[in-house]
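> The structure that follows is given in the form of structure tokens.
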Amino acid sequence: MPALFLIALLGLFGCGNGASPGEQDLKNARKSFDNGFFLEAEAGYERYLQLEPQGKHRKEAWSRLLDIALNIKADLDRSVALLEAMYLEQGADKAEASDIMYRLGELYQQLGKPEKALESYEKSLRLSQNLPERKVRAQLQLARLYRLRGSYDLVLETLDDCSRSATNTKQKARCLYELAQSYSFINSWAQVKKAVNQLLALEGASEELKAMGIFILADMYEHDHNYEKARELLLSIRDTYPNPLVIETRLDNLK
């Protein structure tokens, strides 16, 4: 890991002398990668980063190293170290920095480190305030982590802002569904109905997600002992709900 940070520091503080000693390393690394010789490619990309502190292909080299660590070696710890080093070098670009922090959050979740994941997603969110799509995806992940912690005030605040910040139908629909689901967990049924109705009125939202919203409404009516309405709603999504077996089981139970 120290070597990785040394590479990053070389990239930040090194000064070029006009020569390109690492260009051949980069060329060889590309060839090795294309031919499936990933260890050789890895060594070549690392040498390029060391020798070309101002090189114009540094982003490519970092991305290839991450690809090898994550997808070839399945080495999550090294992938985390690489992303942290990338953040040191590319952090001035808010879009790049937001993406890096988001990917770090995903890796920390896979490593079973929810607090580190939460910290990374929060940083991604701060970096993406003027980048709506990046902002919303970070909010969705944060809401799920807040929910796992039982911090429903933060869940609802995050998802409410998420639903208003979303600039495309797919993300807005997902925010509204997560909002409805979160309200259902605390039995706030009036808010559930409001969020689901907004989802159902959203033009272009997927039928599958709308069906999932209607399923939550069925829960609400069942909770209120209005079994006839619950059954009516479940029947309406028999063909569109992602898991038809769940619908059949619920209908059987309502009998």
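By order of appearance in the structure tokens: chains A, B, ..., then residues from 1 within every chain, and ligands from 1 in the order shown.
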Got a sec to tell me which of segment 92-250 of chain A DSSP assigns to helix (DSSP H, G or I), as a PyMOL selection string?
chain A and resi 94-110+114-127+132-149+152-165+169-185+189-200+207-223+227-236+244-250
> Excluding same-chain residues fewer than 3 positions from Asp153 of chain A, what lies within 12 Å of it counting only C-alpha atoms, as a list of chain:residue names?
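Counting only C-alpha atoms, the residues come to A:Ala143, A:Tyr146, A:Arg147, A:Arg149, A:Gly150, A:Leu156, A:Glu157, A:Thr158, A:Leu159, A:Asp160, A:Leu179, A:Ser182, A:Tyr183, A:Ile186.
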> What does the file look like for those residues with N, CA and C atoms, as an mmCIF file, in the first residue's frame?

data_model
loop_
_atom_site.group_PDB
_atom_site.id
_atom_site.type_symbol
_atom_site.label_atom_id
_atom_site.label_comp_id
_atom_site.auth_asym_id
_atom_site.auth_seq_id
_atom_site.Cartn_x
_atom_site.Cartn_y
_atom_site.Cartn_z
ATOM 1 N N ALA A 143 -29.542 6.749 1.915
ATOM 2 C CA ALA A 143 -30.834 6.464 2.544
ATOM 3 C C ALA A 143 -30.904 5.018 3.016
ATOM 4 N N TYR A 146 -28.671 4.753 6.108
ATOM 5 C CA TYR A 146 -29.331 5.400 7.251
ATOM 6 C C TYR A 146 -30.456 4.508 7.781
ATOM 7 N N ARG A 147 -31.161 3.852 6.856
ATOM 8 C CA ARG A 147 -32.275 2.987 7.249
ATOM 9 C C ARG A 147 -31.773 1.789 8.055
ATOM 10 N N ARG A 149 -29.323 1.790 9.964
ATOM 11 C CA ARG A 149 -28.967 2.297 11.295
ATOM 12 C C ARG A 149 -30.196 2.701 12.097
ATOM 13 N N GLY A 150 -31.371 2.713 11.440
ATOM 14 C CA GLY A 150 -32.586 3.142 12.130
ATOM 15 C C GLY A 150 -32.717 4.649 12.227
ATOM 16 N N LEU A 156 -35.716 9.945 5.630
ATOM 17 C CA LEU A 156 -36.818 10.674 5.006
ATOM 18 C C LEU A 156 -36.357 12.019 4.450
ATOM 19 N N GLU A 157 -35.474 12.679 5.178
ATOM 20 C CA GLU A 157 -34.932 13.958 4.688
ATOM 21 C C GLU A 157 -34.154 13.754 3.397
ATOM 22 N N THR A 158 -33.337 12.695 3.368
ATOM 23 C CA THR A 158 -32.511 12.415 2.182
ATOM 24 C C THR A 158 -33.365 12.042 0.981
ATOM 25 N N LEU A 159 -34.356 11.190 1.194
ATOM 26 C CA LEU A 159 -35.176 10.739 0.076
ATOM 27 C C LEU A 159 -36.132 11.819 -0.423
ATOM 28 N N ASP A 160 -36.592 12.657 0.474
ATOM 29 C CA ASP A 160 -37.447 13.761 0.052
ATOM 30 C C ASP A 160 -36.672 14.700 -0.863
ATOM 31 N N LEU A 179 -38.896 6.243 -0.817
ATOM 32 C CA LEU A 179 -39.557 7.096 0.167
ATOM 33 C C LEU A 179 -40.825 6.411 0.695
ATOM 34 N N SER A 182 -39.889 3.512 2.924
ATOM 35 C CA SER A 182 -39.374 3.954 4.221
ATOM 36 C C SER A 182 -40.506 4.421 5.132
ATOM 37 N N TYR A 183 -41.480 5.134 4.581
ATOM 38 C CA TYR A 183 -42.638 5.542 5.391
ATOM 39 C C TYR A 183 -43.418 4.322 5.865
ATOM 40 N N ILE A 186 -42.311 2.759 9.142
ATOM 41 C CA ILE A 186 -42.673 3.435 10.398
ATOM 42 C C ILE A 186 -44.189 3.662 10.470
#
> Please tabulate, as a tab-separated table, the residues of segment 78-101 of chain A that come within 12 Å of segment 34-53 of chain A, each with its closest pair of atoms and the distance in Å to one decimal, counting only C-alpha atoms and ordering rows by chain, then residue number upward.

residue	atom	partner	partner_atom	distance
A:Leu82	CA	A:Glu46	CA	11.0
A:Ala85	CA	A:Leu49	CA	11.5
A:Met86	CA	A:Leu49	CA	11.2
A:Glu89	CA	A:Pro53	CA	10.3
> Can you spit out the residues from that selection as a PDB file, in the first residue's frame, using N, CA and C atoms?

ATOM      1  N   LEU A  82      -6.145   1.804  -4.296  1.00  0.00           N
ATOM      2  CA  LEU A  82      -6.009   2.488  -5.582  1.00  0.00           C
ATOM      3  C   LEU A  82      -6.971   3.666  -5.686  1.00  0.00           C
ATOM      4  N   ALA A  85      -5.761   6.529  -3.652  1.00  0.00           N
ATOM      5  CA  ALA A  85      -4.655   7.212  -4.329  1.00  0.00           C
ATOM      6  C   ALA A  85      -5.161   8.038  -5.499  1.00  0.00           C
ATOM      7  N   MET A  86      -6.141   7.505  -6.232  1.00  0.00           N
ATOM      8  CA  MET A  86      -6.736   8.252  -7.343  1.00  0.00           C
ATOM      9  C   MET A  86      -7.394   9.534  -6.845  1.00  0.00           C
ATOM     10  N   GLU A  89      -5.004  12.325  -6.378  1.00  0.00           N
ATOM     11  CA  GLU A  89      -4.523  12.930  -7.621  1.00  0.00           C
ATOM     12  C   GLU A  89      -5.626  13.661  -8.385  1.00  0.00           C
TER      13      GLU A  89
END
> For Ser128 of chain A, please output as a count of residues only all residues within 8 Å (counting only C-alpha atoms; exclusion window: fewer than 5 positions along the same chain).
5
> Could you name the residues that touch segment 206-213 of chain A at 6 Å or less, counting only C-alpha atoms, but leaving out those on the same chain fewer than 4 positions away, as a PDB file with C-alpha atoms, in the first residue's frame?

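In the end it all went to out32.pdb:
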ATOM      1  CA  VAL A 196     -46.991   6.053  -4.170  1.00  0.00           C
ATOM      2  CA  LEU A 200     -48.005   6.218 -10.222  1.00  0.00           C
ATOM      3  CA  ILE A 237     -50.254  -6.312 -10.345  1.00  0.00           C
ATOM      4  CA  THR A 240     -46.304  -6.820 -13.551  1.00  0.00           C
ATOM      5  CA  TYR A 241     -44.856  -7.481 -10.088  1.00  0.00           C
TER       6      TYR A 241
END
> Can you tell me which residues surround Lys229 of chain A at a distance of at most 12 Å, considering only C-alpha atoms, apart from same-chain residues fewer than 4 positions away, and format the answer as a PyMOL selection string?
chain A and resi 214-215+217-225+233-236+251+254
> Print the selection's residues with C-alpha atoms to a file, as a JSON list (two decimals), in the first residue's frame.

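The result, stored in selection21.json:
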[["chain", "number", "residue", "atom", "x", "y", "z"],
["A", 214, "ILE", "CA", -48.91, -0.67, -5.47],
["A", 215, "PHE", "CA", -47.69, -3.63, -3.42],
["A", 217, "LEU", "CA", -50.36, 0.27, -0.91],
["A", 218, "ALA", "CA", -51.77, -3.24, -0.54],
["A", 219, "ASP", "CA", -49.76, -3.53, 2.69],
["A", 220, "MET", "CA", -51.36, -0.31, 3.87],
["A", 221, "TYR", "CA", -54.91, -1.54, 3.23],
["A", 222, "GLU", "CA", -54.17, -4.90, 4.82],
["A", 223, "HIS", "CA", -52.78, -3.07, 7.86],
["A", 224, "ASP", "CA", -56.11, -1.19, 8.03],
["A", 225, "HIS", "CA", -58.01, -4.53, 7.75],
["A", 233, "LEU", "CA", -54.61, -4.11, -5.63],
["A", 234, "LEU", "CA", -52.65, -7.36, -5.56],
["A", 235, "LEU", "CA", -54.75, -8.76, -8.39],
["A", 236, "SER", "CA", -54.01, -5.63, -10.44],
["A", 251, "LEU", "CA", -53.54, -13.59, -2.17],
["A", 254, "LEU", "CA", -55.87, -12.98, 2.33]]
> Could you work out how far atom CA of Cys175 of chain A lies from atom CA of Ser163 of chain A, giving the answer in Å with one decimal?
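So the answer is 5.1 Å.
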> Applying 9 Å and only C-alpha atoms, which residues near Gly105 of chain A remain after dropping the ones on its own chain fewer than 2 positions away? List them as a VMD selection string.
chain A and resid 100 to 103 107 to 110 114 116 to 121 124 141
> Keeping C-alpha atoms, export the residues of the selection given above as an mmCIF file, in the first residue's frame.

data_model
loop_
_atom_site.group_PDB
_atom_site.id
_atom_site.type_symbol
_atom_site.label_atom_id
_atom_site.label_comp_id
_atom_site.auth_asym_id
_atom_site.auth_seq_id
_atom_site.Cartn_x
_atom_site.Cartn_y
_atom_site.Cartn_z
ATOM 1 C CA ILE A 100 -14.271 7.853 -6.934
ATOM 2 C CA MET A 101 -15.950 8.362 -3.561
ATOM 3 C CA TYR A 102 -19.080 6.590 -4.801
ATOM 4 C CA ARG A 103 -17.064 3.572 -5.916
ATOM 5 C CA LEU A 107 -16.343 -1.371 -2.055
ATOM 6 C CA TYR A 108 -16.616 -0.600 1.650
ATOM 7 C CA GLN A 109 -20.122 -2.076 1.603
ATOM 8 C CA GLN A 110 -18.777 -5.249 0.007
ATOM 9 C CA PRO A 114 -20.872 0.356 6.598
ATOM 10 C CA LYS A 116 -16.635 3.778 5.951
ATOM 11 C CA ALA A 117 -19.193 3.343 3.164
ATOM 12 C CA LEU A 118 -21.397 5.993 4.747
ATOM 13 C CA GLU A 119 -18.470 8.400 5.006
ATOM 14 C CA SER A 120 -17.583 7.837 1.328
ATOM 15 C CA TYR A 121 -21.149 8.334 0.077
ATOM 16 C CA SER A 124 -19.595 11.874 -2.850
ATOM 17 C CA GLN A 141 -27.235 4.694 -1.174
#
